Amino acid sequence: RVVINGENWGVYASAQQFNKDFLRDNFKTTKGTRWKIPQGGFGGGAGGFAYLGDDAMNYRPTFHIKSKDDLAAWAALTNLAKVLQQTPPERLEAALAPILDVDGLLKFLALDAAMAGGDGFYTRVADYSLYLDPKGLFHFTFHDANEEFSLSGAFKYPADEGKENVDRHAFAMEADLGAGPVWKLSARVPDAHWPLILGIHRTVKNLGVELGDNK
């Protein structure tokens with residue numbers, strides 16, 4: 001919850017950068033292998049752990065490695081996909097126990113669903129990160145939080161909700177530019193709502209954010 005000058009501005013999502021500092025803070029080590037999965041291919045794609053064989057080249061376009069390239073880590077990744085896809089349900093829990101933080105994954109999925117991420121694992125198995133710790137255990141974590149508390153993106157929202165509900169909104173935004181700095185605040189809102197944009201700009205102008213137009 002964000003409160004500015006005593007005024008409640010609502011609930012916002014924030015995600016820590018997935019780097020060695022993140023590992024040190026959460027796992028007490030900087031070792032292991034990190035992947036970013038920006039585009040997962042929806043449920044049937046590699047990001048959803050479709051088993052594409054044992055050749056790591058089949059997974060590299062989807063799983064972007066962010067640490068030292070390690071063939072053993074890739075073998076562990078392909079094995080995780082194989083176990084998830086080919087193990088009978090009655091044996092799956094035992095098969096996953098030594099290679100996946102199952103409790104952590106369940107918490108990750110619950111939080112992702114609760115925050116209604118429009119661009120994450122829950123909706124299209126994308127924009128998440130994966131960590132293989134030195135003990136050989138996989139952990140899921142968020143990559144970004146740019147579409148949390150949304151549906152399926154700003155452009156799809158009007159189609160799903162209908163114009164009647166959209167007109168009730170004074171302000172909404174979507175950003176998909178990664179970790180780059182915000183340099184300008186522009187809008188396309190009714191004139192009656194422009195003061196709200198001006199109020200937001202007064203809050204962020206000291207960060208170097210310019211005021212754009214309202215077109």
# chains A, B, ... in the order shown; residues from 1 in each chain; ligands from 1
$ residues_around --residues "A:Gly32" --least-positions-apart "3" --cutoff "10 Å" --atoms "only C-alpha atoms" --output "JSON list (two decimals) with N, CA, C and O atoms, in the first residue's frame"
[["chain", "number", "residue", "atom", "x", "y", "z"],
["A", 20, "LYS", "N", 22.75, -11.37, -8.18],
["A", 20, "LYS", "CA", 23.46, -12.01, -7.09],
["A", 20, "LYS", "C", 23.04, -11.45, -5.73],
["A", 20, "LYS", "O", 23.07, -12.18, -4.73],
["A", 23, "LEU", "N", 20.07, -13.40, -4.70],
["A", 23, "LEU", "CA", 20.45, -14.72, -4.20],
["A", 23, "LEU", "C", 21.02, -14.62, -2.79],
["A", 23, "LEU", "O", 20.69, -15.44, -1.91],
["A", 29, "THR", "N", 23.61, -17.28, -0.60],
["A", 29, "THR", "CA", 24.69, -17.67, -1.51],
["A", 29, "THR", "C", 24.56, -16.87, -2.80],
["A", 29, "THR", "O", 23.47, -16.35, -3.09],
["A", 67, "SER", "N", 23.57, -16.19, -15.79],
["A", 67, "SER", "CA", 24.77, -16.46, -15.01],
["A", 67, "SER", "C", 25.72, -17.28, -15.89],
["A", 67, "SER", "O", 25.51, -17.38, -17.10],
["A", 68, "LYS", "N", 26.75, -17.82, -15.31],
["A", 68, "LYS", "CA", 27.71, -18.60, -16.09],
["A", 68, "LYS", "C", 27.02, -19.77, -16.78],
["A", 68, "LYS", "O", 26.26, -20.51, -16.16],
["A", 70, "ASP", "N", 26.40, -23.24, -17.96],
["A", 70, "ASP", "CA", 26.81, -24.49, -17.33],
["A", 70, "ASP", "C", 26.03, -25.64, -17.96],
["A", 70, "ASP", "O", 24.80, -25.70, -17.86],
["A", 73, "ALA", "N", 23.82, -27.52, -15.62],
["A", 73, "ALA", "CA", 22.59, -26.82, -15.27],
["A", 73, "ALA", "C", 21.53, -27.01, -16.36],
["A", 73, "ALA", "O", 20.35, -27.20, -16.06],
["A", 131, "TYR", "N", 15.73, -20.28, -10.74],
["A", 131, "TYR", "CA", 17.04, -20.39, -10.08],
["A", 131, "TYR", "C", 17.30, -21.84, -9.72],
["A", 131, "TYR", "O", 16.46, -22.51, -9.11],
["A", 132, "LEU", "N", 18.49, -22.32, -10.08],
["A", 132, "LEU", "CA", 18.96, -23.65, -9.70],
["A", 132, "LEU", "C", 20.04, -23.46, -8.65],
["A", 132, "LEU", "O", 21.12, -22.93, -8.94],
["A", 133, "ASP", "N", 19.75, -23.84, -7.42],
["A", 133, "ASP", "CA", 20.71, -23.60, -6.34],
["A", 133, "ASP", "C", 21.84, -24.64, -6.37],
["A", 133, "ASP", "O", 21.77, -25.63, -7.12],
["A", 134, "PRO", "N", 22.90, -24.42, -5.61],
["A", 134, "PRO", "CA", 24.04, -25.34, -5.64],
["A", 134, "PRO", "C", 23.71, -26.77, -5.23],
["A", 134, "PRO", "O", 24.47, -27.70, -5.54],
["A", 135, "LYS", "N", 22.59, -26.96, -4.54],
["A", 135, "LYS", "CA", 22.19, -28.31, -4.12],
["A", 135, "LYS", "C", 21.36, -29.02, -5.19],
["A", 135, "LYS", "O", 20.94, -30.16, -4.99],
["A", 136, "GLY", "N", 21.10, -28.34, -6.33],
["A", 136, "GLY", "CA", 20.35, -28.96, -7.41],
["A", 136, "GLY", "C", 18.86, -28.79, -7.32],
["A", 136, "GLY", "O", 18.10, -29.52, -7.99],
["A", 137, "LEU", "N", 18.40, -27.81, -6.52],
["A", 137, "LEU", "CA", 16.96, -27.57, -6.35],
["A", 137, "LEU", "C", 16.54, -26.34, -7.15],
["A", 137, "LEU", "O", 17.19, -25.29, -7.08],
["A", 138, "PHE", "N", 15.47, -26.46, -7.92],
["A", 138, "PHE", "CA", 14.94, -25.34, -8.71],
["A", 138, "PHE", "C", 13.98, -24.50, -7.87],
["A", 138, "PHE", "O", 13.17, -25.03, -7.09]]
$ residues_around --residues "A:Leu185" --least-positions-apart "2" --cutoff "9 Å" --atoms "only C-alpha atoms" --output "PyMOL selection string"
chain A and resi 182-183+187+197+200-201+209-213
$ closest_residue --among "A:Trp74, A:Phe121, A:Trp194, A:Phe108" --to "A:Asp54" --atoms "only C-alpha atoms"
A:Trp74
$ atom_distance --atom1 "atom CA of A:Asn19" --atom2 "atom CA of A:Ala97"
25.3 Å
$ closest_residue --among "A:Ser129, A:Gln86, A:Thr62, A:Gln39" --to "A:Thr141" --atoms "only C-alpha atoms"
A:Ser129
$ closest_residue --among "A:Ala56, A:His139, A:Val3, A:Leu106" --to "A:Phe27" --atoms "only C-alpha atoms"
A:His139
$ residues_around --residues "A:Ala81" --least-positions-apart "5" --cutoff "10 Å" --atoms "only C-alpha atoms" --output "tab-separated table (two decimals) with all heavy atoms, in the first residue's frame"
chain	number	residue	atom	x	y	z
A	46	ALA	N	7.85	-24.04	-24.30
A	46	ALA	CA	8.96	-24.45	-23.44
A	46	ALA	C	8.88	-23.79	-22.08
A	46	ALA	O	9.26	-24.39	-21.06
A	46	ALA	CB	10.29	-24.09	-24.12
A	47	GLY	N	8.36	-22.56	-22.01
A	47	GLY	CA	8.25	-21.88	-20.72
A	47	GLY	C	7.30	-22.57	-19.77
A	47	GLY	O	7.39	-22.39	-18.55
A	48	GLY	N	6.38	-23.36	-20.30
A	48	GLY	CA	5.48	-24.16	-19.49
A	48	GLY	C	6.01	-25.54	-19.23
A	48	GLY	O	5.28	-26.43	-18.81
A	49	PHE	N	7.30	-25.74	-19.52
A	49	PHE	CA	8.02	-26.98	-19.30
A	49	PHE	C	7.49	-28.14	-20.15
A	49	PHE	O	7.39	-29.28	-19.70
A	49	PHE	CB	8.06	-27.35	-17.81
A	49	PHE	CG	9.00	-26.47	-17.04
A	49	PHE	CD1	8.57	-25.28	-16.51
A	49	PHE	CD2	10.34	-26.80	-16.92
A	49	PHE	CE1	9.43	-24.43	-15.85
A	49	PHE	CE2	11.22	-25.97	-16.26
A	49	PHE	CZ	10.77	-24.78	-15.72
A	50	ALA	N	7.18	-27.79	-21.41
A	50	ALA	CA	6.98	-28.86	-22.39
A	50	ALA	C	8.31	-29.56	-22.58
A	50	ALA	O	9.36	-28.90	-22.67
A	50	ALA	CB	6.49	-28.27	-23.70
A	51	TYR	N	8.30	-30.87	-22.61
A	51	TYR	CA	9.55	-31.61	-22.79
A	51	TYR	C	9.91	-31.64	-24.26
A	51	TYR	O	9.20	-32.20	-25.09
A	51	TYR	CB	9.42	-33.03	-22.24
A	51	TYR	CG	10.66	-33.87	-22.42
A	51	TYR	CD1	11.89	-33.42	-21.94
A	51	TYR	CD2	10.61	-35.09	-23.08
A	51	TYR	CE1	13.03	-34.18	-22.10
A	51	TYR	CE2	11.74	-35.87	-23.24
A	51	TYR	CZ	12.96	-35.40	-22.76
A	51	TYR	OH	14.11	-36.15	-22.93
A	52	LEU	N	11.05	-31.00	-24.61
A	52	LEU	CA	11.49	-30.87	-25.99
A	52	LEU	C	12.72	-31.72	-26.28
A	52	LEU	O	13.47	-31.44	-27.21
A	52	LEU	CB	11.79	-29.40	-26.30
A	52	LEU	CG	10.67	-28.40	-26.00
A	52	LEU	CD1	11.12	-26.98	-26.31
A	52	LEU	CD2	9.42	-28.76	-26.79
A	53	GLY	N	12.92	-32.76	-25.49
A	53	GLY	CA	14.10	-33.60	-25.66
A	53	GLY	C	15.21	-33.16	-24.74
A	53	GLY	O	15.10	-32.20	-23.97
A	54	ASP	N	16.34	-33.86	-24.82
A	54	ASP	CA	17.46	-33.59	-23.92
A	54	ASP	C	18.45	-32.56	-24.46
A	54	ASP	O	19.40	-32.21	-23.75
A	54	ASP	CB	18.22	-34.89	-23.63
A	54	ASP	CG	17.37	-35.89	-22.83
A	54	ASP	OD1	16.48	-35.43	-22.08
A	54	ASP	OD2	17.60	-37.10	-22.95
A	76	ALA	N	20.04	-30.36	-16.00
A	76	ALA	CA	19.06	-30.38	-14.91
A	76	ALA	C	17.74	-29.76	-15.34
A	76	ALA	O	16.66	-30.24	-14.97
A	76	ALA	CB	19.63	-29.64	-13.70
A	86	GLN	N	6.51	-36.51	-18.00
A	86	GLN	CA	6.47	-37.95	-18.24
A	86	GLN	C	6.27	-38.81	-16.99
A	86	GLN	O	6.11	-40.02	-17.11
A	86	GLN	CB	7.76	-38.39	-18.96
A	86	GLN	CG	7.93	-37.76	-20.34
A	86	GLN	CD	9.10	-38.34	-21.11
A	86	GLN	OE1	9.85	-39.18	-20.61
A	86	GLN	NE2	9.25	-37.91	-22.36
$ closest_residue --among "A:Asp69, A:Asp21, A:Glu93, A:Asp119" --to "A:Thr33" --atoms "only C-alpha atoms"
A:Asp69
$ closest_residue --among "A:Pro98, A:Pro61, A:Val2, A:Phe142" --to "A:Leu111" --atoms "only C-alpha atoms"
A:Phe142
$ closest_residue --among "A:Ala95, A:Ile65, A:Met57, A:Ile4" --to "A:Thr78" --atoms "only C-alpha atoms"
A:Met57
$ select_by_dssp --residues "stretch 6-125 of chain A" --states "strand (DSSP E or B)" --output "list in words"
Glu7, Asn8, Trp9, Gly10, Thr33, Arg34, Trp35, Lys36, Ile37, His64, Ile65 and Leu100 of chain A
$ write_last_selection --atoms "C-alpha atoms" --output "tab-separated table (two decimals), in the first residue's frame"
chain	number	residue	atom	x	y	z
A	7	GLU	CA	-3.49	9.92	1.13
A	8	ASN	CA	-3.92	6.28	0.16
A	9	TRP	CA	-2.82	5.82	-3.47
A	10	GLY	CA	-3.66	2.11	-3.55
A	33	THR	CA	22.34	-20.77	-12.19
A	34	ARG	CA	19.79	-18.09	-13.06
A	35	TRP	CA	17.44	-17.96	-16.06
A	36	LYS	CA	14.99	-15.30	-17.22
A	37	ILE	CA	11.95	-16.45	-19.20
A	64	HIS	CA	17.77	-16.87	-21.19
A	65	ILE	CA	20.68	-17.74	-18.95
A	100	LEU	CA	12.19	-28.74	-7.16
